[in-house]
$ cat coords_18.csv   # CSV, C-alpha atoms
chain,number,residue,atom,x,y,z
A,58,MET,CA,40.0,-16.0,-15.8
A,59,ALA,CA,38.9,-12.5,-16.8
A,60,ARG,CA,36.4,-13.9,-19.2
A,61,GLN,CA,35.1,-16.3,-16.5
A,62,ALA,CA,34.7,-13.4,-14.1
A,63,ASP,CA,32.8,-11.3,-16.6
A,64,ALA,CA,30.5,-14.3,-17.4
A,65,ALA,CA,29.8,-14.7,-13.7
A,66,ARG,CA,29.0,-11.0,-13.2
A,67,ALA,CA,26.7,-11.2,-16.2
A,68,GLY,CA,25.0,-14.2,-14.8
A,69,ARG,CA,24.4,-12.5,-11.4
A,70,ALA,CA,23.1,-9.4,-13.2
A,71,GLU,CA,20.7,-11.5,-15.2
A,72,ARG,CA,19.5,-13.4,-12.1
A,73,SER,CA,18.9,-10.1,-10.3
A,74,ARG,CA,16.5,-9.1,-13.0
A,75,ARG,CA,14.3,-12.2,-12.7
A,76,GLY,CA,11.1,-11.9,-10.8
A,77,SER,CA,10.3,-13.9,-7.6
A,78,ASP,CA,8.8,-16.7,-9.8
A,79,ASN,CA,12.2,-16.9,-11.6
A,80,VAL,CA,10.8,-15.8,-14.9
A,81,LEU,CA,13.3,-13.6,-16.9
A,82,LEU,CA,11.8,-10.2,-17.4
A,83,ASP,CA,12.6,-8.2,-20.5
A,84,THR,CA,13.8,-4.9,-19.0
A,85,GLU,CA,15.4,-3.4,-22.1
A,86,LEU,CA,12.4,-3.6,-24.4
A,87,ALA,CA,14.6,-3.0,-27.4
A,88,ASP,CA,11.8,-4.0,-29.8
A,89,LEU,CA,9.7,-1.0,-28.8
A,90,PRO,CA,10.0,2.5,-30.1
A,91,PRO,CA,11.4,5.0,-27.5
A,92,GLU,CA,8.0,6.5,-26.6
A,93,LEU,CA,6.3,3.2,-25.9
A,94,ARG,CA,9.4,1.9,-24.1
A,95,TRP,CA,9.3,4.8,-21.7
A,96,ARG,CA,5.6,4.5,-21.2
A,97,GLU,CA,6.0,0.8,-20.3
A,98,TRP,CA,8.7,1.6,-17.9
A,99,MET,CA,6.5,4.2,-16.2
A,100,GLN,CA,3.6,1.7,-15.9
A,101,ARG,CA,5.9,-0.9,-14.4
A,102,VAL,CA,7.3,1.5,-11.8
A,103,GLU,CA,3.8,2.7,-10.9
A,104,ALA,CA,2.5,-0.8,-10.6
A,105,VAL,CA,5.3,-1.9,-8.3
A,106,ILE,CA,4.8,1.2,-6.0
A,107,PHE,CA,1.0,0.7,-6.0
A,108,ALA,CA,1.2,-2.9,-5.1
A,109,SER,CA,3.8,-2.5,-2.3
A,110,ALA,CA,2.7,-2.2,1.3
A,111,ILE,CA,5.9,-0.2,2.1
A,112,PRO,CA,7.9,2.5,0.4
A,113,VAL,CA,9.8,1.1,-2.6
A,114,PRO,CA,13.5,2.0,-2.9
A,115,ARG,CA,15.3,2.9,-6.1
A,116,GLU,CA,17.2,-0.4,-6.3
A,117,THR,CA,13.9,-2.4,-6.4
A,118,LEU,CA,12.4,-0.2,-9.2
A,119,ALA,CA,15.6,-0.5,-11.1
A,120,ARG,CA,15.0,-4.3,-11.5
A,121,VAL,CA,12.0,-3.7,-13.8
A,122,VAL,CA,13.4,-1.1,-16.2
A,123,GLY,CA,16.4,-0.8,-18.5
A,124,ARG,CA,19.9,-0.6,-17.3
A,125,ASN,CA,20.3,3.0,-18.5
A,126,CYS,CA,16.9,4.1,-17.5
A,127,SER,CA,16.7,7.0,-15.0
A,128,VAL,CA,14.2,6.0,-12.2
A,129,ASP,CA,14.2,9.6,-11.0
A,130,LEU,CA,13.0,10.8,-14.4
A,131,LEU,CA,10.3,8.2,-14.5
A,132,ILE,CA,9.1,9.3,-11.1
A,133,ASP,CA,9.1,12.9,-12.2
A,134,ASP,CA,6.9,12.0,-15.2
A,135,LEU,CA,4.6,9.9,-13.0
A,136,ARG,CA,4.2,12.8,-10.5
A,137,GLU,CA,3.4,15.1,-13.4
A,138,GLU,CA,0.6,12.8,-14.6
A,139,LEU,CA,-0.8,12.6,-11.1
A,140,ARG,CA,-0.9,16.4,-10.7
A,141,ASP,CA,-4.7,16.6,-11.0
A,142,ARG,CA,-5.4,13.3,-9.1
A,143,PRO,CA,-6.3,13.2,-5.3
A,144,TYR,CA,-3.2,11.1,-4.6
A,145,GLU,CA,0.5,11.5,-5.4
A,146,LEU,CA,3.9,9.8,-5.3
A,147,VAL,CA,5.9,10.9,-2.3
A,148,SER,CA,9.5,10.2,-1.3
A,149,VAL,CA,9.3,8.6,2.1
A,150,ALA,CA,11.6,6.4,4.2
A,151,GLY,CA,14.2,6.1,1.5
A,152,GLY,CA,11.7,5.1,-1.2
A,153,TRP,CA,8.5,6.0,-3.0
A,154,GLN,CA,4.9,5.4,-2.0
A,155,HIS,CA,1.4,6.5,-3.1
A,156,ARG,CA,-0.2,8.8,-0.6
A,157,THR,CA,-3.5,10.8,-0.7
A,158,LYS,CA,-3.0,14.5,-0.8
A,159,PRO,CA,-3.4,16.4,2.5
A,160,ALA,CA,-6.2,18.5,1.0
A,161,HIS,CA,-8.4,15.4,1.0
A,162,ALA,CA,-7.7,14.3,4.5
A,163,GLY,CA,-11.0,15.8,5.9
A,164,VAL,CA,-13.1,14.1,3.2
A,165,ILE,CA,-11.5,10.7,3.9
A,166,ARG,CA,-12.1,11.0,7.6
A,167,ALA,CA,-15.7,12.1,7.0
A,168,SER,CA,-16.3,9.0,4.8
A,169,GLY,CA,-15.5,6.6,7.6
A,170,ALA,CA,-13.8,4.3,5.2
A,171,PRO,CA,-11.0,2.2,6.7
A,172,THR,CA,-7.6,3.5,5.8
A,173,ARG,CA,-3.9,2.6,6.2
A,174,ALA,CA,-3.6,5.1,9.0
A,175,ALA,CA,-0.4,5.9,10.9
A,176,ALA,CA,0.1,4.2,14.2
A,177,ASP,CA,-2.6,5.0,16.7
A,178,LEU,CA,-0.4,6.4,19.6
A,179,ASN,CA,-1.6,7.8,22.9
A,180,THR,CA,-0.1,11.1,24.2
A,181,ASN,CA,2.6,9.3,26.3
A,182,GLU,CA,3.8,7.1,23.4
A,183,ALA,CA,3.8,10.0,20.9
A,184,ALA,CA,5.9,12.2,23.3
A,185,VAL,CA,8.4,9.5,24.0
A,186,LEU,CA,8.6,8.6,20.3
A,187,MET,CA,9.3,12.2,19.5
A,188,ALA,CA,12.1,12.4,22.0
A,189,ILE,CA,13.7,9.2,20.6
A,190,GLY,CA,13.4,10.7,17.1
A,191,TYR,CA,15.4,13.8,18.2
A,192,PHE,CA,17.9,12.4,20.7
A,193,GLN,CA,18.6,8.9,19.3
A,194,PRO,CA,20.5,6.8,20.2
A,195,VAL,CA,19.0,7.3,23.7
A,196,THR,CA,18.6,5.0,26.7
A,197,ARG,CA,15.5,4.6,28.8
A,198,ALA,CA,17.3,6.2,31.7
A,199,GLU,CA,18.1,9.2,29.5
A,200,LEU,CA,14.5,9.4,28.4
A,201,SER,CA,13.4,9.4,32.0
A,202,ARG,CA,15.7,12.3,32.8
A,203,ILE,CA,14.4,14.2,29.7
A,204,PHE,CA,10.8,13.8,30.9
A,205,GLY,CA,11.5,14.1,34.6
A,206,LYS,CA,9.6,10.9,35.2
A,207,GLU,CA,10.3,7.2,34.9
A,208,ILE,CA,9.7,5.8,31.4
A,209,SER,CA,8.4,2.3,31.8
A,210,ARG,CA,9.4,-0.8,29.9
A,211,ASP,CA,5.8,-1.3,28.9
A,212,LEU,CA,5.8,2.0,27.0
A,213,ILE,CA,9.0,1.2,25.2
A,214,GLY,CA,7.7,-2.3,24.5
A,215,SER,CA,4.5,-0.8,22.9
A,216,LEU,CA,6.6,1.4,20.5
A,217,ARG,CA,8.8,-1.6,19.7
A,218,SER,CA,5.7,-3.8,19.0
A,219,LEU,CA,4.6,-1.2,16.5
A,220,GLU,CA,8.1,-1.4,14.9
A,221,LEU,CA,8.5,2.4,15.3
A,222,ILE,CA,11.7,1.9,17.3
A,223,ALA,CA,14.4,-0.7,17.6
A,224,SER,CA,17.4,-1.4,19.8
A,225,GLY,CA,20.4,0.7,18.9
A,226,PRO,CA,24.1,0.3,20.0
A,227,ARG,CA,24.9,-0.3,23.6
A,228,SER,CA,25.6,2.9,25.6
A,229,PRO,CA,29.1,3.4,26.9
A,230,GLN,CA,27.6,4.1,30.3
A,231,PRO,CA,28.2,1.7,33.2
A,232,GLY,CA,26.2,-1.5,32.7
A,233,ALA,CA,26.1,-0.8,28.9
A,234,PRO,CA,22.3,-0.3,28.7
A,235,TYR,CA,20.5,-0.5,25.4
A,236,THR,CA,19.8,2.6,23.4
A,237,TYR,CA,16.8,3.1,21.2
A,238,VAL,CA,16.5,4.4,17.7
A,239,THR,CA,13.7,5.0,15.2
A,240,THR,CA,13.1,2.7,12.3
A,241,PRO,CA,12.1,3.1,8.6
A,242,ALA,CA,8.5,2.4,9.7
A,243,PHE,CA,8.7,5.6,11.8
A,244,LEU,CA,9.7,7.6,8.8
A,245,SER,CA,6.9,6.0,6.7
A,246,ALA,CA,4.3,6.5,9.4
A,247,PHE,CA,5.0,10.2,9.6
A,248,GLY,CA,5.8,10.9,6.0
A,249,PHE,CA,9.5,11.6,6.4
A,250,ASP,CA,12.1,10.6,3.8
A,251,THR,CA,15.0,10.9,6.3
A,252,LEU,CA,15.5,12.1,9.8
A,253,ARG,CA,16.7,15.3,8.3
A,254,ASP,CA,13.0,16.0,7.6
A,255,LEU,CA,12.1,16.3,11.3
A,256,PRO,CA,11.2,19.9,12.2
A,257,GLU,CA,14.1,21.9,13.6
A,258,ILE,CA,14.5,21.1,17.2
A,259,GLU,CA,15.0,24.8,18.0
A,260,MET,CA,11.4,25.4,16.8
A,261,LEU,CA,10.0,22.9,19.3
A,262,GLU,CA,12.2,24.3,22.1
A,263,ASP,CA,11.0,27.8,21.4
A,264,ALA,CA,7.4,26.5,21.5
A,265,GLY,CA,8.1,24.9,24.8
A,266,LEU,CA,7.5,21.4,23.5
A,267,LEU,CA,10.9,19.8,23.6
A,268,GLY,CA,14.2,20.2,25.4
A,269,ARG,CA,17.0,18.2,27.0
A,270,ASP,CA,16.0,19.5,30.4
A,271,GLY,CA,12.4,18.2,30.3
A,272,MET,CA,9.4,17.7,28.1
A,273,MET,CA,7.1,20.6,29.1
A,274,SER,CA,4.1,19.5,27.2
A,275,ALA,CA,4.0,15.8,28.2
A,276,ASP,CA,2.1,14.5,31.2
A,277,LEU,CA,3.3,10.9,31.4
A,278,ALA,CA,1.4,8.4,33.5
A,279,THR,CA,3.1,6.8,36.5
A,280,PRO,CA,5.0,3.8,35.2
A,281,ILE,CA,4.5,0.3,36.4
A,282,SER,CA,8.3,-0.5,36.5
A,283,GLU,CA,10.8,1.6,38.4
A,284,GLU,CA,13.9,-0.4,37.4
A,285,ASP,CA,16.7,1.6,35.9
A,286,ASP,CA,18.5,-0.8,33.5
A,287,GLU,CA,17.3,-2.2,30.2
A,288,GLU,CA,16.5,-5.8,29.5

$ encode --input "coords_18.csv" --output "structure tokens"
Amino acid sequence: MARQADAARAGRAERSRRGSDNVLLDTELADLPPELRWREWMQRVEAVIFASAIPVPRETLARVVGRNCSVDLLIDDLREELRDRPYELVSVAGGWQHRTKPAHAGVIRASGAPTRAAADLNTNEAAVLMAIGYFQPVTRAELSRIFGKEISRDLIGSLRSLELIASGPRSPQPGAPYTYVTTPAFLSAFGFDTLRDLPEIEMLEDAGLLGRDGMMSADLATPISEEDDEE
């Protein structure tokens, strides 16, 4: 039984290292000298990150390199190679992604070239999204109290359509309304690796931008809906 279990585990491990076209990938590269093996692993990792439309997590990259290969060390070497390039590898939303360096933002804007820009939010959407980021899980009624004005379903729906927020756990309040939380797309759009990367809330409160008793900088439009409970 033990041998059968070991064989089953080995089979699952082998299948996990196959590509989507079910072709077995040689990840160990035992026939290559160490320097060339490391270089090939680096190129594989960079190719996967470059081709991906979203940040690539460690477990995805681990599928294309050797079992004892350190993905973190590969990333460190790739970052060093990109030191003099206008783009870099950044840790964002629990994975890695190619991003242009901030120093070149003005040049890119001046060129007029289409870019993979962050979500184009209006002032109202940005303010509500910021509040959800800090106070999540939070209900629409709680957001309305924070802003001192009703937050419409349309505004929440707009943020959901951009996949920047999602439904969280039901609130223990009467009626069990939905709460809202941010998504990995939120982290990716704003260049955060985790929610811990959000600026300290005390800094925003000191600047008069954010507080539980009201959003002083936001001028939210009058909502279409005045209903209190969530869908």

$ atom_distance --input "coords_18.csv" --atom1 "CA of Glu103 (chain A)" --atom2 "CA of Trp153 (chain A)"
9.8 Å

$ closest_residue --input "coords_18.csv" --among "A:Gly205, A:Gly214, A:Gly151, A:Pro114" --to "Phe243 (chain A)" --atoms "only C-alpha atoms"
A:Gly151

$ closest_residue --input "coords_18.csv" --among "A:Thr117, A:Thr240, A:Ser224, A:Asn125" --to "Val105 (chain A)" --atoms "all atoms listed in the file"
A:Thr117

$ closest_residue --input "coords_18.csv" --among "A:Gly152, A:Pro241, A:Pro90, A:Pro231" --to "Ala198 (chain A)" --atoms "only C-alpha atoms"
A:Pro231

$ atom_distance --input "coords_18.csv" --atom1 "CA of Val185 (chain A)" --atom2 "CA of Gln154 (chain A)"
26.6 Å

$ atom_distance --input "coords_18.csv" --atom1 "CA of Ser109 (chain A)" --atom2 "CA of Leu135 (chain A)"
16.4 Å

$ closest_residue --input "coords_18.csv" --among "A:Cys126, A:Leu219, A:Ala242, A:Ala110" --to "Leu178 (chain A)" --atoms "all atoms listed in the file"
A:Leu219

$ residues_around --input "coords_18.csv" --residues "Gln193 (chain A)" --least-positions-apart "3" --cutoff "9 Å" --atoms "all atoms listed in the file" --output "list in words"
Ala188, Ile189, Gly190, Thr196, Gly225, Thr236, Tyr237, Val238 and Thr239 of chain A

$ residues_near_point --input "coords_18.csv" --point "(16.4, 8.1, -14.5)" --cutoff "12 Å" --atoms "all atoms listed in the file" --output "list of chain:residue names"
A:Trp95, A:Trp98, A:Met99, A:Val102, A:Arg115, A:Glu116, A:Leu118, A:Ala119, A:Val122, A:Gly123, A:Arg124, A:Asn125, A:Cys126, A:Ser127, A:Val128, A:Asp129, A:Leu130, A:Leu131, A:Ile132, A:Asp133, A:Asp134
